[in-house]
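*Asks:* Dropping in final.txt, with compact mmCIF, C-alpha atoms.
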```txt
# COMPACT_ATOMS: atom_id res chain seq x y z
CA MET A 1 22.98 12.10 20.41
CA PRO A 2 21.25 12.43 17.00
CA SER A 3 19.90 9.42 15.14
CA TRP A 4 21.05 9.04 11.53
CA ASN A 5 18.85 7.29 8.96
CA ALA A 6 20.05 4.75 6.40
CA SER A 7 20.63 7.37 3.73
CA GLN A 8 22.69 9.57 6.02
CA GLN A 9 24.75 6.58 7.19
CA LYS A 10 25.39 5.69 3.54
CA TRP A 11 26.86 9.13 2.85
CA ALA A 12 28.98 8.89 6.00
CA SER A 13 30.26 5.51 4.81
CA ILE A 14 31.28 6.98 1.45
CA ILE A 15 33.14 9.85 3.12
CA THR A 16 34.89 7.33 5.40
CA ASN A 17 35.84 4.97 2.58
CA VAL A 18 37.30 7.81 0.52
CA ALA A 19 39.59 8.62 3.46
CA ARG A 20 40.68 4.99 3.60
CA SER A 21 41.31 4.89 -0.15
CA ARG A 22 43.62 7.89 0.21
CA GLY A 23 45.60 6.14 2.95
CA LEU A 24 44.46 8.61 5.61
CA PRO A 25 43.97 7.69 9.29
CA PRO A 26 40.54 7.38 10.93
CA ARG A 27 40.87 10.91 12.31
CA ALA A 28 40.56 12.30 8.77
CA ALA A 29 37.28 10.46 8.27
CA VAL A 30 35.91 11.82 11.54
CA ILE A 31 36.76 15.37 10.43
CA GLY A 32 35.14 14.76 7.04
CA VAL A 33 31.95 13.24 8.41
CA ALA A 34 31.59 15.89 11.13
CA THR A 35 32.00 18.61 8.52
CA ALA A 36 29.29 17.09 6.34
CA MET A 37 27.02 16.77 9.37
CA GLN A 38 27.27 20.49 9.95
CA GLU A 39 27.15 21.58 6.32
CA SER A 40 24.33 19.38 5.03
CA THR A 41 23.14 17.11 7.88
CA LEU A 42 24.64 14.29 5.79
CA GLU A 43 22.36 14.89 2.81
CA ASN A 44 23.69 15.26 -0.74
CA ILE A 45 21.55 18.31 -1.40
CA ASN A 46 21.41 20.16 -4.72
CA HIS A 47 20.79 23.59 -3.25
CA GLY A 48 22.02 25.79 -0.43
CA ASP A 49 23.28 29.25 0.40
CA LEU A 50 24.18 30.97 -2.88
CA ASP A 51 25.60 28.17 -5.09
CA SER A 52 26.58 25.78 -2.26
CA LEU A 53 25.93 22.15 -3.20
CA GLY A 54 26.39 18.57 -2.03
CA LEU A 55 27.44 16.95 1.22
CA PHE A 56 30.00 19.64 2.03
CA GLN A 57 28.06 22.56 0.50
CA GLN A 58 30.99 23.28 -1.79
CA ARG A 59 30.60 26.24 -4.15
CA PRO A 60 31.39 25.89 -7.86
CA SER A 61 31.96 29.64 -8.00
CA GLN A 62 34.84 29.25 -5.53
CA GLY A 63 36.64 26.59 -7.53
CA TRP A 64 35.42 23.41 -5.87
CA GLY A 65 34.27 21.93 -9.20
CA THR A 66 31.24 21.86 -11.45
CA PRO A 67 27.75 21.39 -9.97
CA ALA A 68 27.81 17.79 -11.17
CA GLN A 69 31.17 17.19 -9.54
CA VAL A 70 30.45 18.66 -6.11
CA THR A 71 27.20 16.66 -5.89
CA ASP A 72 29.20 13.48 -6.59
CA ALA A 73 29.95 12.22 -3.05
CA VAL A 74 33.27 10.59 -3.98
CA TYR A 75 34.53 13.65 -5.86
CA ALA A 76 33.38 16.01 -3.09
CA SER A 77 35.04 13.89 -0.39
CA ASN A 78 38.30 13.78 -2.32
CA LYS A 79 38.25 17.56 -2.74
CA PHE A 80 37.67 17.98 0.99
CA TYR A 81 40.55 15.66 1.91
CA ALA A 82 42.84 17.33 -0.63
CA GLY A 83 42.25 20.58 1.26
CA LEU A 84 42.66 18.87 4.62
CA GLU A 85 46.05 17.42 3.74
CA LYS A 86 47.40 20.88 2.97
CA ILE A 87 46.85 22.04 6.57
CA GLU A 88 49.97 21.77 8.69
CA ASP A 89 49.62 19.37 11.65
CA TRP A 90 45.95 18.78 10.90
CA GLN A 91 46.07 15.44 12.76
CA THR A 92 46.66 17.13 16.12
CA LYS A 93 44.65 20.34 15.78
CA PRO A 94 41.07 20.68 17.09
CA LEU A 95 38.46 19.51 14.60
CA THR A 96 36.77 22.92 14.49
CA LYS A 97 39.96 24.72 13.45
CA VAL A 98 40.83 22.17 10.79
CA ALA A 99 37.33 21.98 9.29
CA GLN A 100 37.11 25.75 9.21
CA ALA A 101 40.46 26.02 7.46
CA VAL A 102 39.13 23.81 4.66
CA GLN A 103 35.55 25.07 4.45
CA ARG A 104 35.78 28.73 5.57
CA SER A 105 32.32 28.53 7.13
CA GLY A 106 30.37 31.48 8.48
CA PHE A 107 29.84 29.42 11.66
CA PRO A 108 33.35 28.14 12.46
CA ASP A 109 32.59 26.88 15.97
CA ALA A 110 29.68 24.67 14.92
CA TYR A 111 31.72 21.68 13.72
CA ALA A 112 32.85 20.58 17.19
CA LYS A 113 29.40 19.47 18.34
CA TRP A 114 29.38 16.66 15.75
CA GLU A 115 32.73 15.13 16.71
CA GLN A 116 31.55 12.21 18.82
CA SER A 117 28.61 11.39 16.56
CA ALA A 118 30.91 11.39 13.55
CA GLY A 119 33.29 9.07 15.38
CA GLU A 120 30.51 6.57 15.94
CA LEU A 121 29.60 6.46 12.24
CA VAL A 122 33.24 6.15 11.22
CA VAL A 123 33.69 3.16 13.53
CA LYS A 124 30.70 1.45 11.88
CA SER A 125 32.22 1.87 8.42
CA TRP A 126 35.92 1.47 9.19
CA GLY A 127 35.56 -1.68 11.27
CA ASN A 128 38.55 -3.53 12.68
CA ALA A 129 41.15 -1.05 11.46
CA VAL A 130 40.08 1.47 14.08
CA LEU A 131 42.11 0.88 17.25
CA THR A 132 40.38 3.26 19.65
CA THR A 133 36.90 4.74 19.81
CA THR A 134 34.93 7.22 21.87
CA SER A 135 31.65 5.71 20.71
CA GLY A 136 30.48 4.85 24.21
CA CYS A 137 28.99 1.53 23.10
CA ASP A 138 29.62 0.13 26.55
CA PRO A 139 27.59 1.31 29.55
CA ALA A 140 29.09 4.57 30.75
CA GLN A 141 30.49 4.76 34.24
CA ASN A 142 30.59 7.99 36.17
CA ALA A 143 34.00 9.25 37.16
CA GLY A 144 33.20 12.41 38.99
CA SER A 145 35.11 12.02 42.24
CA LYS A 146 38.06 14.38 42.51
CA GLY A 147 39.66 12.25 45.16
CA THR A 148 41.35 13.38 48.35
CA GLY A 149 44.82 13.21 49.76
CA ALA A 150 47.70 11.95 47.64
CA TRP A 151 45.67 10.52 44.75
CA ALA A 152 43.32 11.93 42.09
CA LEU A 153 41.62 10.96 38.84
CA PRO A 154 43.51 11.76 35.64
CA VAL A 155 40.74 14.13 34.50
CA GLU A 156 37.98 15.75 36.52
CA ASP A 157 34.22 15.46 36.03
CA SER A 158 34.35 12.92 33.22
CA ARG A 159 33.10 9.38 32.61
CA ILE A 160 34.50 6.12 31.28
CA THR A 161 33.19 5.31 27.80
CA THR A 162 35.23 2.20 26.99
CA PRO A 163 36.09 -0.13 29.89
CA TYR A 164 39.20 -2.17 30.57
CA LYS A 165 39.46 -5.44 28.61
CA ALA A 166 36.60 -4.58 26.23
CA GLY A 167 36.99 -7.11 23.44
CA GLY A 168 37.09 -6.78 19.68
CA GLY A 169 39.27 -6.26 16.65
CA MET A 170 39.53 -2.54 17.26
CA TRP A 171 42.62 -3.18 19.39
CA SER A 172 45.80 -4.83 18.17
CA SER A 173 46.01 -6.95 21.34
CA GLY A 174 42.40 -8.12 20.95
CA SER A 175 41.17 -6.20 23.97
CA HIS A 176 41.33 -2.73 25.49
CA THR A 177 44.41 -2.30 27.69
CA GLY A 178 43.11 0.72 29.59
CA VAL A 179 40.01 2.86 30.03
CA ASP A 180 38.87 5.83 27.94
CA PHE A 181 37.66 9.00 29.64
CA ALA A 182 35.24 11.13 27.61
CA VAL A 183 36.87 14.55 27.33
CA GLY A 184 37.22 16.97 24.47
CA THR A 185 40.46 18.33 23.07
CA GLY A 186 42.09 20.81 25.44
CA THR A 187 41.03 19.23 28.75
CA ARG A 188 43.57 19.41 31.57
CA VAL A 189 45.20 16.00 32.27
CA GLN A 190 46.83 15.47 35.66
CA ALA A 191 49.02 12.93 37.41
CA VAL A 192 46.99 10.58 39.59
CA GLY A 193 49.66 10.52 42.31
CA THR A 194 53.29 11.20 43.17
CA GLY A 195 55.90 9.76 40.85
CA THR A 196 58.58 10.29 38.23
CA VAL A 197 58.02 10.70 34.49
CA VAL A 198 59.76 7.87 32.62
CA LYS A 199 58.42 8.76 29.16
CA ALA A 200 57.03 11.95 27.63
CA GLY A 201 56.72 11.91 23.86
CA TRP A 202 55.37 10.07 20.85
CA GLY A 203 53.97 6.61 21.57
CA GLY A 204 52.87 5.30 18.17
CA ALA A 205 49.21 4.27 18.28
CA TYR A 206 48.93 6.10 21.62
CA GLY A 207 49.96 9.39 20.00
CA ASN A 208 51.53 11.79 22.49
CA GLU A 209 51.82 9.92 25.78
CA VAL A 210 53.18 10.29 29.29
CA VAL A 211 54.23 7.31 31.43
CA ILE A 212 54.86 7.83 35.15
CA LYS A 213 56.48 5.49 37.68
CA MET A 214 54.30 5.92 40.73
CA SER A 215 55.37 6.05 44.37
CA ASP A 216 53.81 2.61 44.94
CA GLY A 217 56.03 1.02 42.26
CA LYS A 218 53.31 0.73 39.60
CA TYR A 219 53.15 2.80 36.40
CA THR A 220 50.41 4.95 34.88
CA GLN A 221 50.07 5.92 31.22
CA TYR A 222 48.15 8.81 29.63
CA GLY A 223 47.57 8.63 25.87
CA HIS A 224 46.39 10.66 22.84
CA LEU A 225 47.44 13.99 24.35
CA SER A 226 47.42 17.09 22.17
CA SER A 227 50.35 18.51 24.14
CA ILE A 228 52.70 17.41 26.91
CA ALA A 229 53.63 19.60 29.89
CA VAL A 230 56.32 17.44 31.55
CA SER A 231 59.62 15.88 30.56
CA GLN A 232 61.39 12.59 31.19
CA GLY A 233 62.94 12.40 34.65
CA GLN A 234 60.68 15.07 36.13
CA ALA A 235 59.10 14.47 39.54
CA VAL A 236 55.35 15.06 39.69
CA THR A 237 52.70 15.12 42.39
CA ALA A 238 48.98 14.31 42.45
CA ARG A 239 46.88 16.82 40.47
CA GLN A 240 49.93 18.32 38.76
CA GLN A 241 49.14 19.00 35.10
CA ILE A 242 51.10 16.70 32.79
CA GLY A 243 49.43 17.58 29.49
CA VAL A 244 46.29 18.42 27.57
CA SER A 245 43.88 15.90 26.08
CA GLY A 246 43.55 15.48 22.35
CA ALA A 247 43.22 13.03 19.49
CA THR A 248 46.77 12.09 18.51
CA GLY A 249 47.66 8.57 17.40
CA ASN A 250 45.06 6.03 16.28
CA VAL A 251 41.76 7.53 17.40
CA THR A 252 38.38 8.49 16.01
CA GLY A 253 37.93 11.43 18.34
CA PRO A 254 39.38 13.19 21.37
CA HIS A 255 39.51 11.42 24.72
CA LEU A 256 42.02 10.35 27.37
CA HIS A 257 43.28 6.78 27.30
CA PHE A 258 44.51 5.84 30.77
CA GLU A 259 46.38 2.70 31.80
CA ALA A 260 47.79 1.23 35.01
CA ARG A 261 50.78 -1.10 34.58
CA THR A 262 53.25 -3.23 36.49
CA GLY A 263 56.05 -1.99 34.24
CA PRO A 264 56.66 0.94 31.91
CA ALA A 265 55.95 -0.86 28.64
CA TYR A 266 52.86 -1.89 26.69
CA GLY A 267 51.57 -5.33 27.68
CA SER A 268 52.06 -4.99 31.44
CA ASP A 269 48.60 -3.56 32.04
CA ILE A 270 46.44 -4.18 35.10
CA SER A 271 42.90 -2.98 35.77
CA PRO A 272 43.07 0.82 35.98
CA VAL A 273 39.71 0.97 37.75
CA ASP A 274 40.86 -1.43 40.46
CA TYR A 275 44.13 0.48 40.74
CA LEU A 276 42.43 3.84 41.26
CA ARG A 277 39.82 2.40 43.61
CA GLY A 278 42.65 0.83 45.59
CA HIS A 279 43.86 4.37 46.27
CA GLY A 280 40.49 5.55 47.54
CA LEU A 281 39.06 6.99 44.32
CA SER A 282 35.45 6.51 43.23
CA LEU A 283 34.63 5.69 39.62
```
Before we go any further, please render this structure as structure tokens.
*Replies:*
Amino acid sequence: MPSWNASQQKWASIITNVARSRGLPPRAAVIGVATAMQESTLENINHGDLDSLGLFQQRPSQGWGTPAQVTDAVYASNKFYAGLEKIEDWQTKPLTKVAQAVQRSGFPDAYAKWEQSAGELVVKSWGNAVLTTTSGCDPAQNAGSKGTGAWALPVEDSRITTPYKAGGGMWSSGSHTGVDFAVGTGTRVQAVGTGTVVKAGWGGAYGNEVVIKMSDGKYTQYGHLSSIAVSQGQAVTARQQIGVSGATGNVTGPHLHFEARTGPAYGSDISPVDYLRGHGLSL
């Protein structure tokens, strides 16, 4: 993960605060900061390819503004977000596609590599308003076991970045009610065991979520999905795909939020690590 100096962090903070001033969610700030990382390495430069200038390498000749305007970080950030808000469903689309739609870069796939790093800087600036993070500030745990028999991990070959009951103002309850698995947008998400889908749809801060009543009477929840592949009332089995990971709801970047519960609703959480280990899975 790259290290950003004080000057670069200052520019990231400005981009983040402009998003907040426009009433945009943290996801917008992550897209903005990641774009600036790729375009200028978070430096407000006064030169570039052809007449590209500033944090976003915006070109006056293409209508972004005057040279003085596009090298003004607040103006440049506002222009970027104005373009972002015009993109249909930008909140749920992959960062690379959204950033490219605004910037029209010659290297459209390059934005994605900055997503997690941008999320970390946004968390530093945004503070307590951010509910979920993929920053990995807590020691990472490996979650590579695919499991055997009737139970499996919700995603394969991943790791836990934020553990259960991590404290702080980032969560409305005061602590983390599940675990976060580090996966990019588009990763296959699967049921951990046999059960019946009791919810498949929008879950507020959780974004697109699936809740399953398991065969043992407990419930599992899968949040921030970019798409859902099951419907309410559907029976599922272990390893059956239930959706695709994403960054919907209150997030700073793509990941899977996974909970184990005694009931279907928020607030009935139990340790998801203990729950999965109790079914023979290694995390």
*Asks:* Using all atoms listed in the file, can you tell me which of A:Tyr222, A:Trp64, A:Tyr164, A:Phe181 comes closest to Ile270 of chain A?
*Replies:* A:Tyr164
*Asks:* Please produce, as a tab-separated table, a per-residue contact table for segment 150-268 of chain A versus segment 89-99 of chain A (criterion: any atom at most 8 Å away, all atoms listed in the file considered), showing the nearest atom pair and its distance in Å to one decimal, sorted by chain then residue number.
*Replies:*
```
residue	atom	partner	partner_atom	distance
A:Thr185	CA	A:Pro94	CA	6.5
A:Ser226	CA	A:Thr92	CA	6.1
A:Gly246	CA	A:Thr92	CA	7.2
A:Ala247	CA	A:Thr92	CA	6.3
A:Thr248	CA	A:Thr92	CA	5.6
```
*Asks:* Please measure the separation of atom CA of Ser227 of chain A and atom CA of Val244 of chain A, giving the value in Å to one decimal.
*Replies:*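 Spanning atom CA of Ser227 of chain A to atom CA of Val244 of chain A is a straight-line distance of 5.3 Å.
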*Asks:* Can you pull out the residues contacting Val18 of chain A? Cut-off 10 Å, using only C-alpha atoms, and skip same-chain residues under 5 positions away; I want them as a VMD selection string.
*Replies:* chain A and resid 13 23 to 24 28 to 29 32 73 to 78 81
*Asks:* Show me, as a list in words, the residues that have an atom within 9 Å of Gly83 of chain A when counting only C-alpha atoms, minus same-chain residues fewer than 6 positions from it.
*Replies:*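 Contacts, in chain order: Ala101, Val102 and Gln103 of chain A.
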*Asks:* Could you tell me how far atom CA of Glu115 of chain A lies from atom CA of Ala182 of chain A, in Å and to one decimal?
*Replies:* 11.9 Å
*Asks:* Do a neighbour search on Thr41 of chain A at 12 Å with all atoms listed in the file, toss out local chain neighbours closer than 2 positions, and write the hits as a ChimeraX atom specification.
*Replies:* /A:2-5,7-9,11-12,33-39,43-45,54-57,111,114,117-118
*Asks:* Keeping C-alpha atoms for every residue in the selection just given, could you write it to a file as a PDB file, keeping the file's coordinate frame?
*Replies:*
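Generated output (result.pdb):
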```pdb
ATOM      1  CA  PRO A   2      21.250  12.430  17.000  1.00  0.00           C
ATOM      2  CA  SER A   3      19.900   9.420  15.140  1.00  0.00           C
ATOM      3  CA  TRP A   4      21.050   9.040  11.530  1.00  0.00           C
ATOM      4  CA  ASN A   5      18.850   7.290   8.960  1.00  0.00           C
ATOM      5  CA  SER A   7      20.630   7.370   3.730  1.00  0.00           C
ATOM      6  CA  GLN A   8      22.690   9.570   6.020  1.00  0.00           C
ATOM      7  CA  GLN A   9      24.750   6.580   7.190  1.00  0.00           C
ATOM      8  CA  TRP A  11      26.860   9.130   2.850  1.00  0.00           C
ATOM      9  CA  ALA A  12      28.980   8.890   6.000  1.00  0.00           C
ATOM     10  CA  VAL A  33      31.950  13.240   8.410  1.00  0.00           C
ATOM     11  CA  ALA A  34      31.590  15.890  11.130  1.00  0.00           C
ATOM     12  CA  THR A  35      32.000  18.610   8.520  1.00  0.00           C
ATOM     13  CA  ALA A  36      29.290  17.090   6.340  1.00  0.00           C
ATOM     14  CA  MET A  37      27.020  16.770   9.370  1.00  0.00           C
ATOM     15  CA  GLN A  38      27.270  20.490   9.950  1.00  0.00           C
ATOM     16  CA  GLU A  39      27.150  21.580   6.320  1.00  0.00           C
ATOM     17  CA  GLU A  43      22.360  14.890   2.810  1.00  0.00           C
ATOM     18  CA  ASN A  44      23.690  15.260  -0.740  1.00  0.00           C
ATOM     19  CA  ILE A  45      21.550  18.310  -1.400  1.00  0.00           C
ATOM     20  CA  GLY A  54      26.390  18.570  -2.030  1.00  0.00           C
ATOM     21  CA  LEU A  55      27.440  16.950   1.220  1.00  0.00           C
ATOM     22  CA  PHE A  56      30.000  19.640   2.030  1.00  0.00           C
ATOM     23  CA  GLN A  57      28.060  22.560   0.500  1.00  0.00           C
ATOM     24  CA  TYR A 111      31.720  21.680  13.720  1.00  0.00           C
ATOM     25  CA  TRP A 114      29.380  16.660  15.750  1.00  0.00           C
ATOM     26  CA  SER A 117      28.610  11.390  16.560  1.00  0.00           C
ATOM     27  CA  ALA A 118      30.910  11.390  13.550  1.00  0.00           C
TER      28      ALA A 118
END
```
*Asks:* Provide the atom CA of Val230 of chain A to atom CA of Ala112 of chain A distance in Å, to one decimal place.
*Replies:*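 That distance, rounded to one decimal, is 27.7 Å.
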*Asks:* Hey, can I get the axis-aligned box for segment 254-262 of chain A? All listed atoms, 8 Å padding on each side, centre and edge lengths in Å to one decimal, as AutoDock Vina command-line options.
*Replies:*
```
--center_x 46.3 --center_y 5.0 --center_z 28.9 --size_x 29.9 --size_y 32.4 --size_z 31.1
```
*Asks:* Pick the closest to Ala238 of chain A from A:Lys199, A:Arg27, A:Arg261, A:His279: which is it, counting all atoms listed in the file?
*Replies:*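 Of A:Lys199, A:Arg27, A:Arg261, A:His279, the one nearest Ala238 of chain A is A:His279, counting all atoms listed in the file.
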*Asks:* Which is closest to Tyr266 of chain A among A:Ser282, A:Asn250, A:Ser245, A:Thr220, if we use only C-alpha atoms?
*Replies:*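 So, comparing all the options, the nearest one is A:Thr220.
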*Asks:* Looking at A:Ile242, A:Ile160, A:Ala166, A:Ala235, which one is nearest to Thr187 of chain A, with distances taken over all atoms listed in the file?
*Replies:*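 For Thr187 of chain A, the nearest of the candidates is A:Ile242.
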*Asks:* Between A:Thr177, A:Gln232, A:Asn208, A:Gln240, which has the minimum distance to Ala260 of chain A (counting all atoms listed in the file)?
*Replies:*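 The shortest atom-to-atom distance to Ala260 of chain A comes from A:Thr177.
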*Asks:* Tell me which of A:Ala152, A:Val70, A:Ala82, A:Val198 sits closest to Arg277 of chain A, counting all atoms listed in the file.
*Replies:*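 Closest residue, counting all atoms listed in the file: A:Ala152.
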*Asks:* Show me as a list in words the residues that reach within 7 Å of (58.5, 8.2, 38.4), counting only C-alpha atoms and using the file's own coordinates.
*Replies:*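 In the file's frame, the residues around the point are Gly195, Thr196, Val197, Val198, Ile212, Lys213, Met214 and Ala235 of chain A.
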*Asks:* Applying 9 Å and all atoms listed in the file, which residues near Pro154 of chain A remain after dropping the ones on its own chain fewer than 4 positions away? List them as a list in words.
*Replies:*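 Returned residues: Phe181, Arg188, Val189, Gln190, Ala191, Val192, Tyr222, Arg239, Leu256 and Phe258 of chain A.
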*Asks:* Take segment 83-115 of chain A, model N, CA and C atoms, and hand the result over as a PDB file, in the frame of the given file.
*Replies:*
```pdb
ATOM      1  N   GLY A  83      42.071  19.352   0.485  1.00  0.00           N
ATOM      2  CA  GLY A  83      42.250  20.580   1.260  1.00  0.00           C
ATOM      3  C   GLY A  83      42.756  20.297   2.657  1.00  0.00           C
ATOM      4  N   LEU A  84      42.247  19.236   3.265  1.00  0.00           N
ATOM      5  CA  LEU A  84      42.660  18.870   4.620  1.00  0.00           C
ATOM      6  C   LEU A  84      44.153  18.579   4.694  1.00  0.00           C
ATOM      7  N   GLU A  85      44.647  17.844   3.716  1.00  0.00           N
ATOM      8  CA  GLU A  85      46.050  17.420   3.740  1.00  0.00           C
ATOM      9  C   GLU A  85      47.024  18.585   3.570  1.00  0.00           C
ATOM     10  N   LYS A  86      46.538  19.705   3.131  1.00  0.00           N
ATOM     11  CA  LYS A  86      47.400  20.880   2.970  1.00  0.00           C
ATOM     12  C   LYS A  86      47.588  21.644   4.286  1.00  0.00           C
ATOM     13  N   ILE A  87      46.794  21.319   5.290  1.00  0.00           N
ATOM     14  CA  ILE A  87      46.850  22.040   6.570  1.00  0.00           C
ATOM     15  C   ILE A  87      47.943  21.425   7.441  1.00  0.00           C
ATOM     16  N   GLU A  88      48.861  22.248   7.877  1.00  0.00           N
ATOM     17  CA  GLU A  88      49.970  21.770   8.690  1.00  0.00           C
ATOM     18  C   GLU A  88      49.466  21.216  10.023  1.00  0.00           C
ATOM     19  N   ASP A  89      49.951  20.029  10.371  1.00  0.00           N
ATOM     20  CA  ASP A  89      49.620  19.370  11.650  1.00  0.00           C
ATOM     21  C   ASP A  89      48.125  19.201  11.844  1.00  0.00           C
ATOM     22  N   TRP A  90      47.399  18.911  10.775  1.00  0.00           N
ATOM     23  CA  TRP A  90      45.950  18.780  10.900  1.00  0.00           C
ATOM     24  C   TRP A  90      45.559  17.629  11.826  1.00  0.00           C
ATOM     25  N   GLN A  91      46.416  16.603  11.933  1.00  0.00           N
ATOM     26  CA  GLN A  91      46.070  15.440  12.760  1.00  0.00           C
ATOM     27  C   GLN A  91      45.938  15.789  14.240  1.00  0.00           C
ATOM     28  N   THR A  92      46.643  16.823  14.693  1.00  0.00           N
ATOM     29  CA  THR A  92      46.660  17.130  16.120  1.00  0.00           C
ATOM     30  C   THR A  92      45.906  18.404  16.482  1.00  0.00           C
ATOM     31  N   LYS A  93      45.390  19.102  15.503  1.00  0.00           N
ATOM     32  CA  LYS A  93      44.650  20.340  15.780  1.00  0.00           C
ATOM     33  C   LYS A  93      43.182  20.027  16.076  1.00  0.00           C
ATOM     34  N   PRO A  94      42.492  20.887  16.825  1.00  0.00           N
ATOM     35  CA  PRO A  94      41.070  20.680  17.090  1.00  0.00           C
ATOM     36  C   PRO A  94      40.268  20.590  15.799  1.00  0.00           C
ATOM     37  N   LEU A  95      39.270  19.726  15.790  1.00  0.00           N
ATOM     38  CA  LEU A  95      38.460  19.510  14.600  1.00  0.00           C
ATOM     39  C   LEU A  95      37.888  20.818  14.052  1.00  0.00           C
ATOM     40  N   THR A  96      37.389  21.673  14.934  1.00  0.00           N
ATOM     41  CA  THR A  96      36.770  22.920  14.490  1.00  0.00           C
ATOM     42  C   THR A  96      37.743  23.773  13.680  1.00  0.00           C
ATOM     43  N   LYS A  97      38.977  23.896  14.153  1.00  0.00           N
ATOM     44  CA  LYS A  97      39.960  24.720  13.450  1.00  0.00           C
ATOM     45  C   LYS A  97      40.321  24.133  12.099  1.00  0.00           C
ATOM     46  N   VAL A  98      40.446  22.812  12.043  1.00  0.00           N
ATOM     47  CA  VAL A  98      40.830  22.170  10.790  1.00  0.00           C
ATOM     48  C   VAL A  98      39.692  22.250   9.771  1.00  0.00           C
ATOM     49  N   ALA A  99      38.476  21.919  10.203  1.00  0.00           N
ATOM     50  CA  ALA A  99      37.330  21.980   9.290  1.00  0.00           C
ATOM     51  C   ALA A  99      37.122  23.391   8.768  1.00  0.00           C
ATOM     52  N   GLN A 100      37.267  24.361   9.617  1.00  0.00           N
ATOM     53  CA  GLN A 100      37.110  25.750   9.210  1.00  0.00           C
ATOM     54  C   GLN A 100      38.177  26.169   8.205  1.00  0.00           C
ATOM     55  N   ALA A 101      39.385  25.680   8.384  1.00  0.00           N
ATOM     56  CA  ALA A 101      40.460  26.020   7.460  1.00  0.00           C
ATOM     57  C   ALA A 101      40.187  25.491   6.055  1.00  0.00           C
ATOM     58  N   VAL A 102      39.481  24.360   5.967  1.00  0.00           N
ATOM     59  CA  VAL A 102      39.130  23.810   4.660  1.00  0.00           C
ATOM     60  C   VAL A 102      37.890  24.485   4.097  1.00  0.00           C
ATOM     61  N   GLN A 103      36.865  24.641   4.920  1.00  0.00           N
ATOM     62  CA  GLN A 103      35.550  25.070   4.450  1.00  0.00           C
ATOM     63  C   GLN A 103      35.331  26.588   4.465  1.00  0.00           C
ATOM     64  N   ARG A 104      35.978  27.283   5.399  1.00  0.00           N
ATOM     65  CA  ARG A 104      35.780  28.730   5.570  1.00  0.00           C
ATOM     66  C   ARG A 104      34.293  29.049   5.791  1.00  0.00           C
ATOM     67  N   SER A 105      33.733  28.386   6.801  1.00  0.00           N
ATOM     68  CA  SER A 105      32.320  28.530   7.130  1.00  0.00           C
ATOM     69  C   SER A 105      32.039  29.850   7.843  1.00  0.00           C
ATOM     70  N   GLY A 106      30.797  30.309   7.730  1.00  0.00           N
ATOM     71  CA  GLY A 106      30.370  31.480   8.480  1.00  0.00           C
ATOM     72  C   GLY A 106      30.085  31.156   9.931  1.00  0.00           C
ATOM     73  N   PHE A 107      30.087  29.859  10.276  1.00  0.00           N
ATOM     74  CA  PHE A 107      29.840  29.420  11.660  1.00  0.00           C
ATOM     75  C   PHE A 107      30.965  28.473  12.071  1.00  0.00           C
ATOM     76  N   PRO A 108      32.168  28.984  12.269  1.00  0.00           N
ATOM     77  CA  PRO A 108      33.350  28.140  12.460  1.00  0.00           C
ATOM     78  C   PRO A 108      33.354  27.287  13.714  1.00  0.00           C
ATOM     79  N   ASP A 109      32.573  27.648  14.726  1.00  0.00           N
ATOM     80  CA  ASP A 109      32.590  26.880  15.970  1.00  0.00           C
ATOM     81  C   ASP A 109      31.568  25.741  15.985  1.00  0.00           C
ATOM     82  N   ALA A 110      30.790  25.626  14.919  1.00  0.00           N
ATOM     83  CA  ALA A 110      29.680  24.670  14.920  1.00  0.00           C
ATOM     84  C   ALA A 110      30.117  23.231  14.660  1.00  0.00           C
ATOM     85  N   TYR A 111      31.295  23.040  14.078  1.00  0.00           N
ATOM     86  CA  TYR A 111      31.720  21.680  13.720  1.00  0.00           C
ATOM     87  C   TYR A 111      31.948  20.795  14.934  1.00  0.00           C
ATOM     88  N   ALA A 112      32.425  21.376  16.035  1.00  0.00           N
ATOM     89  CA  ALA A 112      32.850  20.580  17.190  1.00  0.00           C
ATOM     90  C   ALA A 112      31.735  19.725  17.774  1.00  0.00           C
ATOM     91  N   LYS A 113      30.493  20.201  17.697  1.00  0.00           N
ATOM     92  CA  LYS A 113      29.400  19.470  18.340  1.00  0.00           C
ATOM     93  C   LYS A 113      29.116  18.119  17.684  1.00  0.00           C
ATOM     94  N   TRP A 114      29.643  17.905  16.469  1.00  0.00           N
ATOM     95  CA  TRP A 114      29.380  16.660  15.750  1.00  0.00           C
ATOM     96  C   TRP A 114      30.496  15.633  15.922  1.00  0.00           C
ATOM     97  N   GLU A 115      31.533  15.965  16.676  1.00  0.00           N
ATOM     98  CA  GLU A 115      32.730  15.130  16.710  1.00  0.00           C
ATOM     99  C   GLU A 115      32.468  13.705  17.188  1.00  0.00           C
TER     100      GLU A 115
END
```
